[in-house]
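> Dropping a structure here in structure tokens format, bear with me for questions.
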Amino acid sequence: MPLLRRRGDISLVGLELQPKLAALARRNLRENALSTRALVLHGDASKPPTCLTNRLFDWALANPPYFAAGRGGESPLGSKALAHREGTLDLAAWIDLLLRRLRPGGGLTVIQRADRLPDLLAALGERAGAIAILPLWPRAGQPAARVLVQAIKGRRSPAHLLPGLVLHRADGGYSDGAEAVLRAGQALSFT
């Protein structure tokens, strides 16, 4: 929602595997008077609806499953277990799907576990460049648990490791930087 509010010149199309979560996203858009600028589809990324496969996009945002099939702990919540574990698409297939749906010079932003960064970079390969890696630290002094990775299709520019963002203070509350993004809608800087 903050992206739609911050950028009045864009429209979004989302794809969600779980029907209840797709319905929740659509309700959220309606209740925030944003449904004319965003469409949330229910479907499987391994068999995207034709309205997605028949067009190219300027930018793609994705939160692919964090764990390879057969790895990582099992969540007791069925919806989280489904969201966190690779199914028909592995990470390389997710990146391939995203790159195929982008216009030349289009960009993608992906969040992933920090320990999967080598897999993510390998999947981007020579097809994208100008890669910017933004580490997300749970707390100051702790290793990054997640990374945001941005890349441009067809670019050959070198990769950059950015300063990153600390998410929580020592007392467990959100850091000032995280509050600015989560509550005030401030954009993350990838430069």
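Following the order of the structure tokens, first chain is A, next is B, and so on, with residues numbered from 1 inside each chain and ligands from 1 in the order they appear.
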If we count only C-alpha atoms, what is near A:Arg7 at a cut-off of 12 Å, once residues fewer than 5 positions away on the same chain are taken out, given as a list in words?

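In the requested format, the answer is Met1, Pro2, Leu12, Leu34, Arg37, Gly185, Gln186 and Ala187 of chain A.
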
> Could you check the closest approach to A:Asp119 for each of A:Asp90, A:Ala22, A:Phe190, A:Tyr174 and tell me which residue wins, using only C-alpha atoms?

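Distance minimum relative to A:Asp119 lands on A:Asp90.
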
> Atom CA of A:Leu52 to atom CA of A:Arg127: how many Å, to one decimal?

20.4 Å

> Going by DSSP on the backbone, which residues of chain A come out as alpha helix (DSSP H)? List them as a short mmCIF file (atom, residue, chain, number, x, y, z; two decimals) with N, CA and C atoms, in the first residue's frame.


data_model
loop_
_atom_site.label_atom_id
_atom_site.label_comp_id
_atom_site.auth_asym_id
_atom_site.auth_seq_id
_atom_site.Cartn_x
_atom_site.Cartn_y
_atom_site.Cartn_z
N PRO A 2 1.91 1.32 0.81
CA PRO A 2 2.71 2.54 0.81
C PRO A 2 3.25 2.89 -0.58
N LEU A 3 3.61 1.88 -1.37
CA LEU A 3 4.12 2.14 -2.71
C LEU A 3 3.05 2.82 -3.57
N LEU A 4 1.83 2.34 -3.54
CA LEU A 4 0.75 2.95 -4.31
C LEU A 4 0.46 4.37 -3.84
N ARG A 5 0.54 4.60 -2.55
CA ARG A 5 0.30 5.95 -2.02
C ARG A 5 1.45 6.90 -2.39
N ARG A 6 2.67 6.39 -2.33
CA ARG A 6 3.84 7.22 -2.61
C ARG A 6 3.96 7.53 -4.10
N PRO A 19 -5.82 -18.66 -1.96
CA PRO A 19 -7.04 -17.89 -2.23
C PRO A 19 -7.45 -16.95 -1.10
N LYS A 20 -7.30 -17.38 0.16
CA LYS A 20 -7.69 -16.52 1.28
C LYS A 20 -6.80 -15.27 1.35
N LEU A 21 -5.52 -15.44 1.06
CA LEU A 21 -4.61 -14.28 1.09
C LEU A 21 -4.88 -13.35 -0.10
N ALA A 22 -5.22 -13.91 -1.26
CA ALA A 22 -5.58 -13.07 -2.41
C ALA A 22 -6.83 -12.25 -2.08
N ALA A 23 -7.82 -12.90 -1.46
CA ALA A 23 -9.05 -12.20 -1.08
C ALA A 23 -8.77 -11.11 -0.05
N LEU A 24 -7.89 -11.41 0.91
CA LEU A 24 -7.51 -10.41 1.92
C LEU A 24 -6.84 -9.21 1.26
N ALA A 25 -5.94 -9.46 0.32
CA ALA A 25 -5.26 -8.36 -0.38
C ALA A 25 -6.26 -7.50 -1.16
N ARG A 26 -7.21 -8.15 -1.84
CA ARG A 26 -8.23 -7.40 -2.58
C ARG A 26 -9.10 -6.55 -1.63
N ARG A 27 -9.46 -7.13 -0.48
CA ARG A 27 -10.24 -6.37 0.50
C ARG A 27 -9.45 -5.17 1.02
N ASN A 28 -8.17 -5.39 1.29
CA ASN A 28 -7.31 -4.32 1.75
C ASN A 28 -7.26 -3.18 0.73
N LEU A 29 -7.13 -3.54 -0.54
CA LEU A 29 -7.12 -2.52 -1.61
C LEU A 29 -8.44 -1.74 -1.63
N ARG A 30 -9.56 -2.46 -1.54
CA ARG A 30 -10.88 -1.80 -1.54
C ARG A 30 -11.00 -0.85 -0.36
N GLU A 31 -10.65 -1.33 0.83
CA GLU A 31 -10.82 -0.52 2.04
C GLU A 31 -9.89 0.69 2.07
N THR A 50 -2.97 -16.04 -18.22
CA THR A 50 -2.57 -15.47 -19.51
C THR A 50 -2.49 -13.95 -19.48
N CYS A 51 -3.27 -13.31 -18.60
CA CYS A 51 -3.17 -11.85 -18.51
C CYS A 51 -1.79 -11.40 -18.01
N LEU A 52 -1.05 -12.31 -17.38
CA LEU A 52 0.33 -12.01 -16.99
C LEU A 52 1.33 -12.44 -18.06
N THR A 53 1.07 -13.55 -18.70
CA THR A 53 2.04 -14.06 -19.68
C THR A 53 1.95 -13.33 -21.01
N GLY A 78 -0.27 -23.72 8.35
CA GLY A 78 -0.29 -24.25 6.98
C GLY A 78 0.00 -23.21 5.92
N SER A 79 -0.56 -22.00 6.08
CA SER A 79 -0.35 -20.97 5.06
C SER A 79 1.11 -20.53 5.03
N LYS A 80 1.75 -20.45 6.20
CA LYS A 80 3.17 -20.08 6.23
C LYS A 80 4.04 -21.19 5.66
N ALA A 81 3.73 -22.41 5.98
CA ALA A 81 4.50 -23.54 5.46
C ALA A 81 4.46 -23.54 3.94
N LEU A 82 3.30 -23.29 3.38
CA LEU A 82 3.14 -23.24 1.93
C LEU A 82 3.91 -22.07 1.33
N ALA A 83 3.88 -20.92 2.00
CA ALA A 83 4.55 -19.72 1.50
C ALA A 83 6.07 -19.80 1.62
N HIS A 84 6.57 -20.51 2.60
CA HIS A 84 8.01 -20.51 2.88
C HIS A 84 8.80 -21.61 2.19
N LEU A 91 14.10 -21.46 -6.66
CA LEU A 91 14.49 -20.05 -6.71
C LEU A 91 14.93 -19.65 -8.11
N ALA A 92 15.70 -20.48 -8.78
CA ALA A 92 16.16 -20.16 -10.14
C ALA A 92 14.98 -20.02 -11.09
N ALA A 93 13.97 -20.86 -10.94
CA ALA A 93 12.78 -20.78 -11.80
C ALA A 93 11.98 -19.51 -11.50
N TRP A 94 11.92 -19.11 -10.23
CA TRP A 94 11.26 -17.84 -9.88
C TRP A 94 11.94 -16.67 -10.59
N ILE A 95 13.27 -16.63 -10.50
CA ILE A 95 14.00 -15.52 -11.12
C ILE A 95 13.82 -15.54 -12.63
N ASP A 96 13.86 -16.72 -13.22
CA ASP A 96 13.63 -16.85 -14.66
C ASP A 96 12.26 -16.30 -15.03
N LEU A 97 11.25 -16.69 -14.29
CA LEU A 97 9.89 -16.22 -14.54
C LEU A 97 9.83 -14.69 -14.48
N LEU A 98 10.42 -14.10 -13.45
CA LEU A 98 10.41 -12.65 -13.30
C LEU A 98 11.11 -11.96 -14.46
N LEU A 99 12.29 -12.46 -14.82
CA LEU A 99 13.06 -11.83 -15.90
C LEU A 99 12.31 -11.94 -17.24
N ARG A 100 11.64 -13.05 -17.48
CA ARG A 100 10.89 -13.20 -18.74
C ARG A 100 9.70 -12.26 -18.82
N LEU A 117 21.54 -15.93 -0.82
CA LEU A 117 22.05 -14.90 -1.72
C LEU A 117 22.89 -15.50 -2.86
N PRO A 118 23.80 -16.46 -2.61
CA PRO A 118 24.54 -17.04 -3.74
C PRO A 118 23.63 -17.67 -4.79
N ASP A 119 22.57 -18.36 -4.36
CA ASP A 119 21.62 -18.96 -5.30
C ASP A 119 20.90 -17.89 -6.12
N LEU A 120 20.53 -16.82 -5.45
CA LEU A 120 19.83 -15.73 -6.11
C LEU A 120 20.71 -15.06 -7.15
N LEU A 121 21.95 -14.78 -6.78
CA LEU A 121 22.88 -14.15 -7.73
C LEU A 121 23.19 -15.07 -8.90
N ALA A 122 23.32 -16.36 -8.64
CA ALA A 122 23.56 -17.32 -9.72
C ALA A 122 22.37 -17.35 -10.67
N ALA A 123 21.16 -17.26 -10.14
CA ALA A 123 19.96 -17.27 -10.98
C ALA A 123 19.88 -16.03 -11.86
N LEU A 124 20.34 -14.89 -11.35
CA LEU A 124 20.36 -13.68 -12.16
C LEU A 124 21.39 -13.80 -13.29
N ASP A 176 14.28 3.34 14.13
CA ASP A 176 13.75 4.54 13.49
C ASP A 176 13.68 4.34 11.97
N GLY A 177 14.70 3.71 11.39
CA GLY A 177 14.71 3.46 9.95
C GLY A 177 13.59 2.54 9.51
N ALA A 178 13.34 1.49 10.28
CA ALA A 178 12.25 0.57 9.95
C ALA A 178 10.90 1.26 10.11
N GLU A 179 10.74 2.05 11.17
CA GLU A 179 9.49 2.81 11.37
C GLU A 179 9.23 3.73 10.19
N ALA A 180 10.27 4.39 9.70
CA ALA A 180 10.10 5.32 8.58
C ALA A 180 9.57 4.59 7.34
N VAL A 181 10.03 3.37 7.12
CA VAL A 181 9.58 2.59 5.96
C VAL A 181 8.20 2.01 6.22
N LEU A 182 8.02 1.34 7.36
CA LEU A 182 6.78 0.62 7.64
C LEU A 182 5.60 1.52 7.97
#

> Quick one: distance from atom CA of A:Pro104 to atom CA of A:Lys153 in Å, one decimal?

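That distance, rounded to one decimal, is 5.8 Å.
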
> Considering only C-alpha atoms, can you say which of A:Leu108, A:Leu167, A:Ala45, A:Val40 comes closest to A:Ala130?

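Answer, going by the shortest atom-to-atom distance: A:Leu108.
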
> I'd like the contact shell of A:Arg103 - 8 Å cut-off, only C-alpha atoms, skipping same-chain residues fewer than 2 positions apart - returned as an mmCIF file with all heavy atoms, in the first residue's frame.


data_model
loop_
_atom_site.group_PDB
_atom_site.id
_atom_site.type_symbol
_atom_site.label_atom_id
_atom_site.label_comp_id
_atom_site.auth_asym_id
_atom_site.auth_seq_id
_atom_site.Cartn_x
_atom_site.Cartn_y
_atom_site.Cartn_z
ATOM 1 N N LEU A 56 4.429 -7.526 -20.798
ATOM 2 C CA LEU A 56 5.697 -7.276 -20.124
ATOM 3 C C LEU A 56 5.503 -6.143 -19.124
ATOM 4 O O LEU A 56 4.673 -5.256 -19.325
ATOM 5 C CB LEU A 56 6.786 -6.916 -21.135
ATOM 6 C CG LEU A 56 7.148 -8.009 -22.131
ATOM 7 C CD1 LEU A 56 8.160 -7.489 -23.140
ATOM 8 C CD2 LEU A 56 7.679 -9.250 -21.426
ATOM 9 N N PHE A 57 6.296 -6.169 -18.065
ATOM 10 C CA PHE A 57 6.174 -5.204 -16.987
ATOM 11 C C PHE A 57 7.445 -4.369 -16.869
ATOM 12 O O PHE A 57 8.532 -4.797 -17.260
ATOM 13 C CB PHE A 57 5.901 -5.929 -15.664
ATOM 14 C CG PHE A 57 4.576 -6.637 -15.648
ATOM 15 C CD1 PHE A 57 4.461 -7.939 -16.111
ATOM 16 C CD2 PHE A 57 3.440 -6.002 -15.177
ATOM 17 C CE1 PHE A 57 3.242 -8.594 -16.114
ATOM 18 C CE2 PHE A 57 2.211 -6.653 -15.170
ATOM 19 C CZ PHE A 57 2.114 -7.944 -15.637
ATOM 20 N N ASP A 58 7.292 -3.184 -16.277
ATOM 21 C CA ASP A 58 8.437 -2.312 -16.027
ATOM 22 C C ASP A 58 9.227 -2.768 -14.810
ATOM 23 O O ASP A 58 10.441 -2.577 -14.743
ATOM 24 C CB ASP A 58 7.974 -0.867 -15.807
ATOM 25 C CG ASP A 58 7.321 -0.283 -17.047
ATOM 26 O OD1 ASP A 58 7.837 -0.511 -18.155
ATOM 27 O OD2 ASP A 58 6.285 0.392 -16.899
ATOM 28 N N ARG A 101 9.170 -11.817 -17.685
ATOM 29 C CA ARG A 101 8.017 -10.926 -17.685
ATOM 30 C C ARG A 101 8.410 -9.458 -17.707
ATOM 31 O O ARG A 101 7.552 -8.581 -17.733
ATOM 32 C CB ARG A 101 7.119 -11.189 -16.463
ATOM 33 C CG ARG A 101 6.573 -12.589 -16.382
ATOM 34 C CD ARG A 101 5.510 -13.032 -17.399
ATOM 35 N NE ARG A 101 5.296 -12.298 -18.596
ATOM 36 C CZ ARG A 101 5.655 -12.726 -19.851
ATOM 37 N NH1 ARG A 101 6.263 -13.864 -20.032
ATOM 38 N NH2 ARG A 101 5.405 -11.974 -20.906
ATOM 39 N N GLY A 105 15.524 -3.598 -19.828
ATOM 40 C CA GLY A 105 15.782 -2.465 -18.943
ATOM 41 C C GLY A 105 14.847 -2.400 -17.753
ATOM 42 O O GLY A 105 14.968 -1.502 -16.922
ATOM 43 N N GLY A 106 13.908 -3.361 -17.649
ATOM 44 C CA GLY A 106 13.011 -3.405 -16.497
ATOM 45 C C GLY A 106 13.748 -3.916 -15.272
ATOM 46 O O GLY A 106 14.804 -4.538 -15.365
ATOM 47 N N LYS A 153 17.234 -5.831 -15.821
ATOM 48 C CA LYS A 153 17.333 -6.798 -16.925
ATOM 49 C C LYS A 153 18.193 -6.219 -18.053
ATOM 50 O O LYS A 153 17.974 -5.101 -18.512
ATOM 51 C CB LYS A 153 15.937 -7.121 -17.453
ATOM 52 C CG LYS A 153 15.938 -8.133 -18.586
ATOM 53 C CD LYS A 153 14.532 -8.429 -19.026
ATOM 54 C CE LYS A 153 14.494 -9.422 -20.172
ATOM 55 N NZ LYS A 153 13.109 -9.796 -20.520
#

> Any idea what the distance is between atom CA of A:Leu134 and atom CA of A:Arg155?

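Rounded to one decimal, the two atoms are 18.6 Å apart.
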
> Go through A:Ala184, A:Ile131, A:Val149, A:Ala140 and flag the residue nearest A:Leu165, using only C-alpha atoms for the distances.

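Under the stated criterion, the closest residue is A:Ala140.
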
> Near A:Leu39, counting only C-alpha atoms, which residues have an atom at most 7 Å away, once you skip same-chain residues fewer than 4 positions from it, shown as a PyMOL selection string?

chain A and resi 12-14+35

> Measuring between only C-alpha atoms, which one of A:Gly141, A:Arg113, A:Leu136, A:Gly172 shows the shortest distance to A:Pro65?

A:Arg113

> Point out the residue among A:Leu17, A:Ala151, A:His42, A:Leu102 with the least atom-to-atom distance to A:Asn54, counting only C-alpha atoms.

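Smallest separation from A:Asn54 among the options: A:Leu102.
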
> Restricting the calculation to only C-alpha atoms: of A:Val166, A:Ala38, A:Leu89, A:Ala33, which residue gets closest to A:Trp137?

A:Val166

> What are the DSSP strand (DSSP E) residues of chain A, as a PyMOL selection string?

chain A and resi 12-16+38-42+57-62+102-113+128-139+146-153+160-161+165-168

> Skipping near chain neighbours, those fewer than 2 positions away, what residues fall within 6 Å of stretch 168-171 of chain A using only C-alpha atoms, listed as a list in words?

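Here the qualifying residues turn out to be Pro138, Arg139, Gly173, Tyr174 and Ser175 of chain A.
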
> Just write the chosen residues, C-alpha atoms, as a compact mmCIF listing (two decimals), in the first residue's frame.


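Final output, out_16.txt:
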# COMPACT_ATOMS: atom_id res chain seq x y z
CA PRO A 138 17.33 -8.14 12.85
CA ARG A 139 19.27 -6.01 15.38
CA GLY A 173 10.71 -2.22 18.99
CA TYR A 174 11.26 -1.16 15.40
CA SER A 175 14.29 0.96 14.67
